[in-house]
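**Q** The structure file upload10.cif (mmCIF, C-alpha atoms (C1' of nucleotides)) is provided below.
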```
data_query
loop_
_atom_site.label_atom_id
_atom_site.label_comp_id
_atom_site.auth_asym_id
_atom_site.auth_seq_id
_atom_site.Cartn_x
_atom_site.Cartn_y
_atom_site.Cartn_z
CA MET A 80 1.56 8.31 22.01
CA ALA A 81 4.00 6.08 20.17
CA VAL A 82 2.78 3.79 17.42
CA ASP A 83 1.53 0.46 18.64
CA ARG A 84 4.16 -2.26 18.36
CA ARG A 85 1.70 -4.53 16.64
CA VAL A 86 1.23 -2.00 13.91
CA LEU A 87 4.94 -1.79 13.23
CA ARG A 88 5.30 -5.54 13.30
CA THR A 89 2.42 -6.01 10.89
CA ARG A 90 3.63 -3.42 8.43
CA ASN A 91 7.21 -4.60 8.48
CA ALA A 92 6.07 -8.16 7.97
CA LEU A 93 4.13 -7.02 4.90
CA TYR A 94 7.01 -4.93 3.55
CA ASP A 95 9.42 -7.83 3.92
CA ALA A 96 6.98 -10.29 2.44
CA LEU A 97 6.52 -8.12 -0.65
CA VAL A 98 10.25 -7.67 -1.20
CA SER A 99 10.80 -11.35 -0.67
CA LEU A 100 8.13 -12.23 -3.21
CA ILE A 101 9.43 -9.74 -5.75
CA ARG A 102 12.73 -11.58 -5.71
CA ARG A 103 11.03 -14.69 -7.01
CA LYS A 104 8.04 -13.55 -8.97
CA ALA A 105 6.92 -10.79 -11.31
CA TYR A 106 5.14 -8.08 -9.41
CA ASP A 107 1.84 -8.24 -11.22
CA LEU A 108 1.65 -11.98 -10.71
CA ILE A 109 1.83 -11.56 -6.97
CA THR A 110 -1.59 -11.62 -5.33
CA VAL A 111 -2.61 -10.14 -2.03
CA GLU A 112 -3.12 -13.67 -0.79
CA ASP A 113 0.49 -14.51 -1.62
CA ILE A 114 1.60 -11.60 0.49
CA LEU A 115 -0.66 -12.58 3.37
CA ARG A 116 0.61 -16.15 3.35
CA GLU A 117 4.22 -15.01 3.15
CA ALA A 118 3.78 -12.49 5.95
CA GLY A 119 1.48 -14.57 8.12
CA ILE A 120 -0.99 -11.74 8.32
CA GLY A 121 -4.76 -11.84 8.18
CA ARG A 122 -6.69 -10.50 5.25
CA ALA A 123 -8.69 -7.99 7.25
CA THR A 124 -5.51 -6.72 8.85
CA PHE A 125 -3.92 -6.05 5.52
CA TYR A 126 -6.76 -3.85 4.39
CA ALA A 127 -6.71 -2.06 7.72
CA HIS A 128 -3.26 -0.78 6.81
CA PHE A 129 -3.12 -0.60 3.03
CA THR A 130 -5.73 0.01 0.43
CA SER A 131 -4.17 -2.26 -2.17
CA LYS A 132 -1.06 -4.06 -3.32
CA ASP A 133 0.10 -0.95 -5.15
CA ASP A 134 -0.31 1.07 -2.00
CA LEU A 135 1.91 -1.39 -0.15
CA LEU A 136 4.54 -1.08 -2.86
CA GLU A 137 4.47 2.70 -2.75
CA ARG A 138 4.99 2.73 0.98
CA SER A 139 7.68 0.07 0.80
CA LEU A 140 9.63 2.39 -1.43
CA ASP A 141 9.60 5.04 1.25
CA ARG A 142 12.74 3.37 2.52
CA LEU A 143 14.44 4.15 -0.78
CA ARG A 144 13.10 7.67 -0.64
CA GLU A 145 14.56 8.15 2.82
CA LEU A 146 17.92 6.87 1.64
CA LEU A 147 18.02 9.38 -1.18
CA VAL A 148 16.94 12.23 1.03
CA ALA A 149 19.60 11.32 3.56
CA THR A 150 22.19 11.39 0.81
CA GLU A 151 21.12 14.82 -0.29
CA THR A 152 21.39 16.36 3.13
CA SER A 153 24.66 14.66 4.00
CA SER A 154 26.31 15.49 0.69
CA LYS A 155 25.13 19.07 1.00
CA ALA A 156 26.53 19.34 4.49
CA ALA A 157 29.81 17.48 4.05
CA ALA A 158 30.18 18.24 0.37
CA GLU A 159 31.89 14.93 -0.30
CA PRO A 160 33.06 14.92 -3.89
CA GLY A 161 31.92 11.50 -5.06
CA GLN A 162 28.69 11.18 -3.10
CA THR A 163 25.97 12.61 -5.28
CA VAL A 164 22.43 11.31 -5.15
CA SER A 165 22.66 9.37 -8.37
CA ARG A 166 26.02 7.89 -7.37
CA VAL A 167 24.52 6.51 -4.17
CA PHE A 168 21.65 5.18 -6.18
CA PHE A 169 23.96 2.97 -8.20
CA ASP A 170 25.51 1.62 -5.02
CA HIS A 171 22.09 0.91 -3.65
CA VAL A 172 20.98 -0.93 -6.75
CA ALA A 173 24.17 -2.97 -6.68
CA GLN A 174 22.89 -4.56 -3.47
CA TYR A 175 19.82 -5.80 -5.28
CA ARG A 176 21.51 -7.27 -8.29
CA ASP A 177 19.91 -10.59 -7.53
CA ILE A 178 16.48 -9.14 -8.22
CA PRO A 179 16.30 -9.28 -11.97
CA VAL A 180 12.54 -9.41 -11.86
CA ALA A 181 12.07 -6.06 -10.20
CA LEU A 182 13.64 -4.09 -13.00
CA ALA A 183 13.09 -6.57 -15.77
CA SER A 184 11.55 -5.50 -19.01
CA GLY A 185 7.97 -6.34 -19.76
CA ARG A 186 4.88 -5.59 -17.78
CA GLY A 187 6.13 -7.27 -14.64
CA GLY A 188 8.69 -4.68 -13.75
CA THR A 189 6.82 -1.74 -15.17
CA ILE A 190 4.96 -0.84 -12.05
CA VAL A 191 8.09 -1.04 -9.95
CA ARG A 192 10.03 1.08 -12.40
CA GLU A 193 7.34 3.70 -12.61
CA ALA A 194 7.19 3.91 -8.84
CA ILE A 195 10.96 4.38 -8.70
CA ASP A 196 10.79 6.92 -11.51
CA ARG A 197 8.37 8.97 -9.48
CA ILE A 198 10.69 9.01 -6.49
CA VAL A 199 13.73 9.87 -8.56
CA ALA A 200 11.90 12.66 -10.36
CA GLU A 201 10.80 14.00 -7.01
CA ARG A 202 14.37 14.00 -5.70
CA ILE A 203 15.74 15.66 -8.79
CA LYS A 204 13.20 18.43 -8.50
CA ALA A 205 14.07 18.84 -4.85
CA VAL A 206 17.76 19.13 -5.60
CA ILE A 207 17.48 21.47 -8.56
CA PRO A 208 14.45 23.57 -7.76
CA SER A 209 15.58 26.58 -9.74
CA GLU A 210 18.81 25.85 -11.51
CA PRO A 211 19.01 27.20 -15.02
CA THR A 212 18.33 24.64 -17.71
CA GLY A 213 19.21 26.79 -20.68
CA PRO A 214 16.89 26.52 -23.64
CA LEU A 215 15.54 23.21 -22.39
CA PRO A 216 12.25 23.08 -20.49
CA ARG A 217 12.78 22.11 -16.88
CA GLU A 218 10.15 19.37 -16.92
CA LEU A 219 11.73 17.77 -19.94
CA VAL A 220 15.16 17.85 -18.38
CA VAL A 221 13.88 16.05 -15.30
CA LEU A 222 12.09 13.43 -17.36
CA HIS A 223 15.16 12.92 -19.50
CA ILE A 224 17.44 12.38 -16.53
CA VAL A 225 15.01 9.95 -15.00
CA SER A 226 14.71 7.90 -18.13
CA ALA A 227 18.45 7.96 -18.74
CA LEU A 228 19.01 6.71 -15.23
CA ASN A 229 16.39 4.05 -15.70
CA THR A 230 17.87 2.97 -19.00
CA THR A 231 21.43 2.87 -17.74
CA LEU A 232 20.43 0.84 -14.70
CA ARG A 233 18.55 -1.70 -16.78
CA TRP A 234 21.38 -2.01 -19.23
CA TRP A 235 23.84 -2.37 -16.38
CA LEU A 236 21.85 -5.11 -14.68
CA GLU A 237 21.12 -7.00 -17.85
CA ARG A 238 24.16 -6.57 -20.06
CA GLY A 239 26.84 -4.69 -18.22
CA GLN A 240 27.30 -6.95 -15.23
CA HIS A 241 31.07 -6.80 -15.51
CA LEU A 242 31.05 -3.12 -14.53
CA GLY A 243 31.09 -1.83 -10.99
CA PRO A 244 28.67 0.80 -9.76
CA ALA A 245 31.23 3.58 -10.18
CA GLU A 246 31.82 2.71 -13.83
CA ALA A 247 28.15 2.32 -14.59
CA HIS A 248 27.47 5.64 -12.97
CA ALA A 249 30.22 7.24 -15.07
CA LEU A 250 28.47 6.05 -18.23
CA PHE A 251 25.20 7.50 -17.00
CA ALA A 252 26.84 10.83 -16.20
CA ARG A 253 28.52 10.96 -19.59
CA LEU A 254 25.29 10.27 -21.44
CA VAL A 255 23.41 12.96 -19.60
CA LEU A 256 26.11 15.62 -19.42
CA LYS A 257 27.97 15.18 -22.69
CA GLY A 258 25.55 13.30 -24.85
CA VAL A 259 26.30 10.88 -27.65
CA PRO A 260 29.04 11.32 -30.32
CA LYS A 261 27.45 13.09 -33.26
CA GLU A 262 29.11 10.87 -35.83
CA ALA A 263 27.45 7.84 -34.33
CA VAL A 264 23.94 9.06 -34.98
CA LYS A 265 24.25 11.55 -37.80
CA LEU A 266 21.99 9.54 -40.07
CA PHE A 267 19.28 9.10 -37.52
CA ILE A 268 18.90 12.35 -35.66
CA MET B 235 -8.43 -19.78 -49.68
CA ALA B 236 -9.11 -16.18 -48.77
CA VAL B 237 -9.86 -15.26 -45.18
CA ASP B 238 -13.51 -15.48 -44.31
CA ARG B 239 -15.20 -12.09 -44.44
CA ARG B 240 -16.74 -12.67 -41.06
CA VAL B 241 -13.31 -13.05 -39.54
CA LEU B 242 -12.11 -9.76 -40.93
CA ARG B 243 -15.27 -8.02 -39.89
CA THR B 244 -15.02 -9.38 -36.36
CA ARG B 245 -11.39 -8.47 -35.92
CA ASN B 246 -11.75 -5.00 -37.35
CA ALA B 247 -14.76 -4.39 -35.16
CA LEU B 248 -12.67 -5.35 -32.15
CA TYR B 249 -9.69 -3.25 -33.20
CA ASP B 250 -11.89 -0.24 -33.75
CA ALA B 251 -13.76 -0.78 -30.51
CA LEU B 252 -10.52 -0.88 -28.56
CA VAL B 253 -9.17 2.28 -30.15
CA SER B 254 -12.48 4.00 -29.62
CA LEU B 255 -12.55 3.03 -25.96
CA ILE B 256 -8.94 4.06 -25.42
CA ARG B 257 -9.85 7.57 -26.46
CA ARG B 258 -12.29 7.84 -23.58
CA LYS B 259 -10.98 5.57 -20.89
CA ALA B 260 -7.70 4.42 -19.39
CA TYR B 261 -6.61 1.11 -20.87
CA ASP B 262 -6.41 -0.61 -17.50
CA LEU B 263 -10.01 0.24 -16.75
CA ILE B 264 -11.33 -1.18 -20.01
CA THR B 265 -12.81 -4.64 -19.59
CA VAL B 266 -13.31 -7.29 -22.20
CA GLU B 267 -17.02 -6.81 -21.72
CA ASP B 268 -16.66 -3.12 -22.59
CA ILE B 269 -14.97 -4.10 -25.82
CA LEU B 270 -17.63 -6.67 -26.64
CA ARG B 271 -20.43 -4.19 -26.06
CA GLU B 272 -18.69 -1.51 -28.10
CA ALA B 273 -17.95 -3.91 -30.96
CA GLY B 274 -21.21 -5.81 -30.83
CA ILE B 275 -19.34 -9.08 -30.71
CA GLY B 276 -20.11 -12.17 -28.68
CA ARG B 277 -17.90 -13.25 -25.85
CA ALA B 278 -17.09 -16.65 -27.28
CA THR B 279 -16.17 -15.05 -30.59
CA PHE B 280 -13.70 -12.75 -28.94
CA TYR B 281 -11.82 -15.62 -27.36
CA ALA B 282 -11.86 -17.46 -30.65
CA HIS B 283 -9.61 -14.71 -32.05
CA PHE B 284 -7.66 -13.31 -29.17
CA THR B 285 -6.41 -14.80 -25.95
CA SER B 286 -6.83 -11.63 -23.93
CA LYS B 287 -7.24 -7.89 -23.97
CA ASP B 288 -3.47 -7.46 -24.11
CA ASP B 289 -3.29 -9.78 -27.08
CA LEU B 290 -5.82 -7.64 -28.89
CA LEU B 291 -3.76 -4.53 -28.18
CA GLU B 292 -0.55 -6.18 -29.34
CA ARG B 293 -2.08 -7.16 -32.64
CA SER B 294 -3.68 -3.78 -33.08
CA LEU B 295 -0.16 -2.39 -33.01
CA ASP B 296 0.81 -4.32 -36.10
CA ARG B 297 -1.00 -1.64 -38.06
CA LEU B 298 1.13 0.97 -36.37
CA ARG B 299 4.29 -0.92 -37.15
CA GLU B 300 3.50 -1.08 -40.85
CA LEU B 301 2.67 2.58 -40.82
CA LEU B 302 5.98 3.56 -39.25
CA VAL B 303 8.12 1.41 -41.48
CA ALA B 304 6.32 2.73 -44.52
CA THR B 305 6.91 6.29 -43.39
CA GLU B 306 10.57 5.65 -42.91
CA THR B 307 11.22 4.04 -46.26
CA SER B 308 9.30 6.72 -48.11
CA SER B 309 11.40 9.41 -46.43
CA LYS B 310 14.54 7.59 -47.53
CA ALA B 311 13.31 7.63 -51.09
CA ALA B 312 12.71 11.36 -50.96
CA ALA B 313 16.15 11.92 -49.42
CA GLU B 314 15.50 15.55 -48.60
CA PRO B 315 18.28 17.30 -46.72
CA GLY B 316 17.54 17.60 -43.02
CA GLN B 317 14.86 14.95 -43.21
CA THR B 318 16.38 12.42 -40.88
CA VAL B 319 14.51 9.44 -39.58
CA SER B 320 13.79 10.92 -36.18
CA ARG B 321 12.74 14.25 -37.70
CA VAL B 322 10.14 12.52 -39.85
CA PHE B 323 9.04 10.59 -36.83
CA PHE B 324 8.06 13.79 -35.04
CA ASP B 325 6.06 14.93 -38.05
CA HIS B 326 4.30 11.62 -38.13
CA VAL B 327 3.39 11.67 -34.44
CA ALA B 328 2.05 15.20 -34.81
CA GLN B 329 -0.79 13.78 -36.87
CA TYR B 330 -1.92 11.59 -34.00
CA ARG B 331 -1.79 14.11 -31.22
CA ASP B 332 -5.27 13.37 -29.98
CA ILE B 333 -4.73 9.66 -29.55
CA PRO B 334 -1.73 8.79 -27.43
CA VAL B 335 -2.59 10.79 -24.34
CA ALA B 336 -4.65 7.93 -23.02
CA LEU B 337 -1.89 5.53 -23.94
CA ALA B 338 0.87 7.52 -22.37
CA SER B 339 0.63 6.23 -18.85
CA GLY B 340 -0.39 3.05 -17.16
CA ARG B 341 -0.04 -0.49 -18.32
CA GLY B 342 -1.54 0.04 -21.76
CA GLY B 343 0.80 2.89 -22.46
CA THR B 344 3.67 0.68 -21.46
CA ILE B 345 2.77 -1.99 -23.95
CA VAL B 346 2.46 0.55 -26.72
CA ARG B 347 5.66 2.32 -25.80
CA GLU B 348 7.64 -0.88 -25.62
CA ALA B 349 6.37 -1.90 -29.01
CA ILE B 350 7.42 1.45 -30.45
CA ASP B 351 10.75 1.18 -28.67
CA ARG B 352 11.40 -2.10 -30.36
CA ILE B 353 10.70 -0.63 -33.76
CA VAL B 354 12.81 2.45 -33.16
CA ALA B 355 15.74 0.44 -31.82
CA GLU B 356 15.51 -1.72 -34.91
CA ARG B 357 15.64 1.38 -37.14
CA ILE B 358 18.57 2.92 -35.30
CA LYS B 359 20.58 -0.24 -35.59
CA ALA B 360 19.76 -0.41 -39.27
CA VAL B 361 20.89 3.15 -39.87
CA ILE B 362 24.06 3.07 -37.77
CA PRO B 363 25.24 -0.52 -37.93
CA SER B 364 28.89 0.18 -37.13
CA GLU B 365 29.45 3.81 -36.31
CA PRO B 366 31.93 4.49 -33.53
CA THR B 367 30.35 5.25 -30.17
CA GLY B 368 33.51 6.24 -28.32
CA PRO B 369 33.81 4.94 -24.78
CA LEU B 370 30.10 4.22 -24.63
CA PRO B 371 28.84 0.69 -25.26
CA ARG B 372 26.86 0.53 -28.48
CA GLU B 373 23.89 -1.23 -26.91
CA LEU B 374 23.62 1.42 -24.25
CA VAL B 375 23.78 4.22 -26.81
CA VAL B 376 20.91 2.70 -28.76
CA LEU B 377 18.82 2.22 -25.64
CA HIS B 378 19.56 5.75 -24.55
CA ILE B 379 18.47 7.27 -27.84
CA VAL B 380 15.31 5.21 -27.83
CA SER B 381 14.35 6.25 -24.34
CA ALA B 382 15.22 9.89 -25.01
CA LEU B 383 13.01 9.85 -28.07
CA ASN B 384 10.26 8.19 -26.11
CA THR B 385 10.55 10.69 -23.27
CA THR B 386 10.64 13.72 -25.53
CA LEU B 387 7.61 12.54 -27.44
CA ARG B 388 5.66 11.90 -24.30
CA TRP B 389 6.56 15.26 -22.83
CA TRP B 390 5.71 16.94 -26.10
CA LEU B 391 2.28 15.37 -26.29
CA GLU B 392 1.44 16.00 -22.68
CA ARG B 393 3.03 19.27 -21.75
CA GLY B 394 4.65 20.84 -24.77
CA GLN B 395 1.64 21.12 -27.01
CA HIS B 396 2.51 24.66 -27.97
CA LEU B 397 5.61 23.48 -29.82
CA GLY B 398 5.68 22.34 -33.41
CA PRO B 399 7.30 19.10 -34.48
CA ALA B 400 10.46 20.88 -35.64
CA GLU B 401 10.95 22.53 -32.26
CA ALA B 402 10.22 19.37 -30.34
CA HIS B 403 12.68 17.49 -32.49
CA ALA B 404 15.29 20.16 -31.84
CA LEU B 405 14.91 19.60 -28.12
CA PHE B 406 15.33 15.89 -28.59
CA ALA B 407 18.45 16.38 -30.71
CA ARG B 408 19.95 18.73 -28.18
CA LEU B 409 19.36 16.37 -25.29
CA VAL B 410 20.97 13.46 -27.06
CA LEU B 411 23.84 15.26 -28.77
CA LYS B 412 24.79 17.93 -26.25
CA GLY B 413 23.31 16.70 -23.02
CA VAL B 414 22.07 18.74 -20.11
CA PRO B 415 23.78 21.85 -18.65
CA LYS B 416 26.10 20.68 -15.89
CA GLU B 417 25.15 23.48 -13.54
CA ALA B 418 21.55 22.35 -13.61
CA VAL B 419 22.28 18.93 -12.17
CA LYS B 420 25.55 19.31 -10.33
CA LEU B 421 24.03 18.25 -7.03
CA PHE B 422 22.35 15.20 -8.43
CA ILE B 423 24.73 13.56 -10.82
"C1'" DA C 207 -1.74 -6.27 37.87
"C1'" DA C 208 -6.23 -4.97 36.34
"C1'" DA C 209 -8.97 -2.14 33.49
"C1'" DG C 210 -9.54 -0.07 29.22
"C1'" DT C 211 -8.22 0.34 24.52
"C1'" DT C 212 -6.48 -0.99 20.22
"C1'" DT C 213 -5.25 -4.30 17.00
"C1'" DC C 214 -5.41 -8.80 15.03
"C1'" DC C 215 -7.65 -12.81 13.29
"C1'" DG C 216 -10.27 -15.74 10.23
"C1'" DA C 217 -13.99 -17.08 8.06
"C1'" DA C 218 -17.71 -15.77 5.52
"C1'" DC C 219 -19.65 -12.92 2.04
"C1'" DA C 220 -20.67 -9.91 -2.02
"C1'" DT C 221 -18.69 -8.29 -6.18
"C1'" DG C 222 -16.80 -8.38 -10.60
"C1'" DG C 223 -13.82 -9.80 -14.24
"C1'" DT C 224 -11.86 -13.85 -16.80
"C1'" DG C 225 -11.88 -17.50 -19.91
"C1'" DT C 226 -14.48 -21.93 -21.45
"C1'" DT C 227 -18.13 -24.71 -23.15
"C1'" DC C 228 -22.03 -26.07 -26.07
"C1'" DG C 229 -25.59 -26.56 -29.41
"C1'" DA C 230 -28.18 -23.87 -32.40
"C1'" DA C 231 -28.45 -20.15 -35.75
"C1'" DT C 232 -26.27 -17.81 -39.38
"C1'" DA C 233 -22.99 -16.35 -42.91
"C1'" DT C 234 -19.65 -17.63 -46.32
"C1'" DT C 235 -17.38 -20.31 -49.72
"C1'" DC C 236 -17.12 -23.54 -53.43
"C1'" DG D 109 -27.56 -25.58 -52.91
"C1'" DA D 110 -24.52 -28.27 -50.11
"C1'" DA D 111 -20.69 -28.25 -47.20
"C1'" DT D 112 -18.11 -25.72 -44.15
"C1'" DA D 113 -16.83 -22.19 -41.02
"C1'" DT D 114 -18.10 -18.65 -37.97
"C1'" DT D 115 -20.92 -16.44 -34.70
"C1'" DC D 116 -24.05 -16.17 -30.95
"C1'" DG D 117 -25.62 -16.23 -26.16
"C1'" DA D 118 -26.20 -17.99 -22.07
"C1'" DA D 119 -24.52 -20.65 -18.61
"C1'" DC D 120 -20.67 -22.14 -16.00
"C1'" DA D 121 -16.43 -22.64 -13.06
"C1'" DC D 122 -12.80 -20.02 -11.40
"C1'" DC D 123 -10.10 -16.70 -9.02
"C1'" DA D 124 -8.79 -12.28 -6.95
"C1'" DT D 125 -10.53 -8.28 -4.64
"C1'" DG D 126 -12.15 -5.82 -0.81
"C1'" DT D 127 -15.62 -5.75 3.25
"C1'" DT D 128 -17.78 -7.20 7.44
"C1'" DC D 129 -18.11 -9.03 12.08
"C1'" DG D 130 -17.50 -10.82 16.74
"C1'" DG D 131 -14.29 -12.89 19.55
"C1'" DA D 132 -9.38 -13.38 20.90
"C1'" DA D 133 -5.10 -11.42 21.79
"C1'" DA D 134 -1.77 -7.81 22.55
"C1'" DC D 135 -0.72 -3.42 24.14
"C1'" DT D 136 -1.07 0.87 27.08
"C1'" DT D 137 -2.33 3.24 31.04
"C1'" DT D 138 -2.95 3.99 35.75
#
```
Output the file's structure in the form of structure tokens.

**A**
Amino acid sequence: MAVDRRVLRTRNALYDALVSLIRRKAYDLITVEDILREAGIGRATFYAHFTSKDDLLERSLDRLRELLVATETSSKAAAEPGQTVSRVFFDHVAQYRDIPVALASGRGGTIVREAIDRIVAERIKAVIPSEPTGPLPRELVVLHIVSALNTTLRWWLERGQHLGPAEAHALFARLVLKGVPKEAVKLFI
Amino acid sequence: MAVDRRVLRTRNALYDALVSLIRRKAYDLITVEDILREAGIGRATFYAHFTSKDDLLERSLDRLRELLVATETSSKAAAEPGQTVSRVFFDHVAQYRDIPVALASGRGGTIVREAIDRIVAERIKAVIPSEPTGPLPRELVVLHIVSALNTTLRWWLERGQHLGPAEAHALFARLVLKGVPKEAVKLFI
DNA sequence: AAAGTTTCCGAACATGGTGTTCGAATATTC
DNA sequence: GAATATTCGAACACCATGTTCGGAAACTTT
């Protein structure tokens, strides 16, 4: 009872078409018709598999989700020192450096970022289901890490291009674990 | 050469209608027609003043901007000990607790949040124009503080309602200045 | 390889929101 | 009160969404 080949072909064609389009165009400017043309798929077929463009995006990101999950299990098993989930994430993003649109500021990249945020938050919760968070509420800690990761990635892609993934990740880790020098912000905070 | 009364009346009616609708309905689901009905304004008139729904929202935020800047400068004048810019910001937001829930997520929330981010980043830079940031790039530090503030506020309004502004601000300060307990995230970061 | 099943296609259709146009009616300013 | 500016409302063209349908094609099963 394997999945019909045509189904896989259709879905992969749509996944690839979406990614391909995102490389050239802001997400919210992409229409379903654009995707159909790019993928060579009929309109009725699209709606037989996905309920909307957002649905397609969500499911496309399952690949990313699988990558992160794989990292968790492998790093747990092998306990490799440098291979944490967030570290792998930076490597992964490095491969997509040519997609400024996807993570760009403004409304275009918002939907993509929020979708990624959801996955990252989910993975963080999975990894630290009951670790102590001190006086800080668990939910807030998760949200903070997600937004710090998001911010660091955007900064890296837009203004820190000279840094490698390891260095960018180190900045992220420092921000989250050690915080910001007090002297730098004493007048604001 | 004062502005025609009708113009002011029309624009205020539209501003108010939008705010009123946002309290009941997600921004994305609000149509221009909804706004027209709520405001009692003709379609043609709307497009004589604003190019789109987003444009209307953007301009509505100018009021917010003035409000925030005014709050900040007045707090400087008072110069009370412990009354930092971000601390006052939490007090200010506390007054609008019933509003931003609808703005918090989705596209509309994004527009609002980005507008606030811009203002906050502007204020941070003004307050700490040349403080040392250690090994961390200044731009990244500013972005990080902005997003941490944004995240804490959102969490506070959505899930931390039991806390007062002082407590919420304390959480924000701790996150930014001391970071997150290492044990809590050792598997992720 | 043929029968039976599932999927794909593509064009048509209904729906609903967007933004524009126009002359006539109305409010405002000077 | 005359000149000017704004508003109205209805109609219009436009575009994207999501659905429907029967016939064609691909796949699976035996």

**Q** If you superpose chain B onto chain A over the full set of Cα atoms in sequence order, what number do you get for the RMSD in Å?

**A**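 That comparison of chain A with chain B gives 2.2 Å.
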
**Q** Select, counting only C-alpha atoms (C1' of nucleotides), all protein, DNA and RNA residues no farther than 12 Å from (-15.8, -21.7, -10.6) in file coordinates, and express the selection as a list in words.

**A** DT224, DG225 and DT226 of chain C; DA119, DC120, DA121, DC122 and DC123 of chain D

**Q** State, in Å with one decimal place, the distance from atom CA of Gly413 of chain B to atom CA of Ile224 of chain A.

**A** 9.8 Å

**Q** Do you have the atom CA of Arg122 of chain A-atom C1' of DT125 of chain D distance handy?

**A**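 Atom-to-atom, atom CA of Arg122 of chain A to atom C1' of DT125 of chain D, that is 10.8 Å.
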
**Q** Excluding same-chain residues fewer than 6 positions from segment 208-213 of chain C, what lies within 9 Å of it counting only C-alpha atoms (C1' of nucleotides), as a PyMOL selection string?

**A** (chain A and resi 83+85-86+124) or (chain D and resi 133-138)

**Q** Report the distance between atom CA of Val319 of chain B and atom CA of Glu218 of chain A in Å, rounded to one decimal place.

**A**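 Interatomic distance here is 25.1 Å.
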
**Q** Please enumerate the residues selected by the PyMOL selection byres ((chain C) within 8 of (chain A)) when evaluated against the supplied file, formatted as a ChimeraX atom specification.

**A** /C:213-216

**Q** Using all atoms listed in the file, find the one residue out of A:Leu228, A:Ala105, A:Ala118, A:Leu136 that sits nearest to chain B.

**A** A:Leu228

**Q** What are the nearest atom pairs, with distances in Å to one decimal, for all residues of chain B that come at most 6 Å from chain A, using all atoms listed in the file, set out by chain and rising residue number as a tab-separated table?

**A**
```
residue	atom	partner	partner_atom	distance
B:Thr318	CA	A:Phe267	CA	5.5
B:Val319	CA	A:Phe267	CA	5.2
B:Ser320	CA	A:Ile268	CA	5.3
B:Glu365	CA	A:Ala263	CA	4.9
B:Pro366	CA	A:Ala263	CA	5.7
B:Thr367	CA	A:Ala263	CA	5.7
B:Val410	CA	A:Gly258	CA	5.1
B:Leu411	CA	A:Gly258	CA	4.7
B:Lys412	CA	A:Gly258	CA	4.9
B:Gly413	CA	A:Gly258	CA	4.5
B:Val414	CA	A:Leu256	CA	5.2
B:Ala418	CA	A:Glu210	CA	4.9
B:Phe422	CA	A:Val164	CA	5.1
B:Ile423	CA	A:Ser165	CA	5.3
```

**Q** Segment 232-234 of chain C: which residues within 12 Å, counting all atoms listed in the file, same-chain residues fewer than 2 positions away excluded, as a ChimeraX atom specification?

**A** /B:235-241,243 /C:230,236 /D:111-116

**Q** Could you check which residues have any atom within 12 Å of (-21.8, -3.1, 7.7), counting all atoms listed in the file with coordinates taken straight from the file, and then list them as a PyMOL selection string?

**A** (chain C and resi 219-220) or (chain D and resi 127-129)

**Q** Care to translate the PyMOL selection byres ((chain B and resi 264-268) around 12) into actual residues of this file, as a VMD selection string?

**A** (chain B and resid 248 251 to 263 269 to 281 284 to 291 336 341 to 342) or (chain C and resid 222 to 225)

**Q** Which residue gives the smallest distance to chain D among B:Gly398, B:Asn246, B:His283, B:Arg352, with all atoms listed in the file counted?

**A**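 The answer is B:His283, which sits nearest to chain D.
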
**Q** Listed atoms of segment 380-392 of chain B, axis-aligned box, 3 Å per side: centre and edge lengths to one decimal in Å, as lines of an AutoDock Vina configuration file?

**A**
```
center_x = 8.4
center_y = 11.1
center_z = -25.4
size_x = 19.9
size_y = 17.7
size_z = 11.4
```
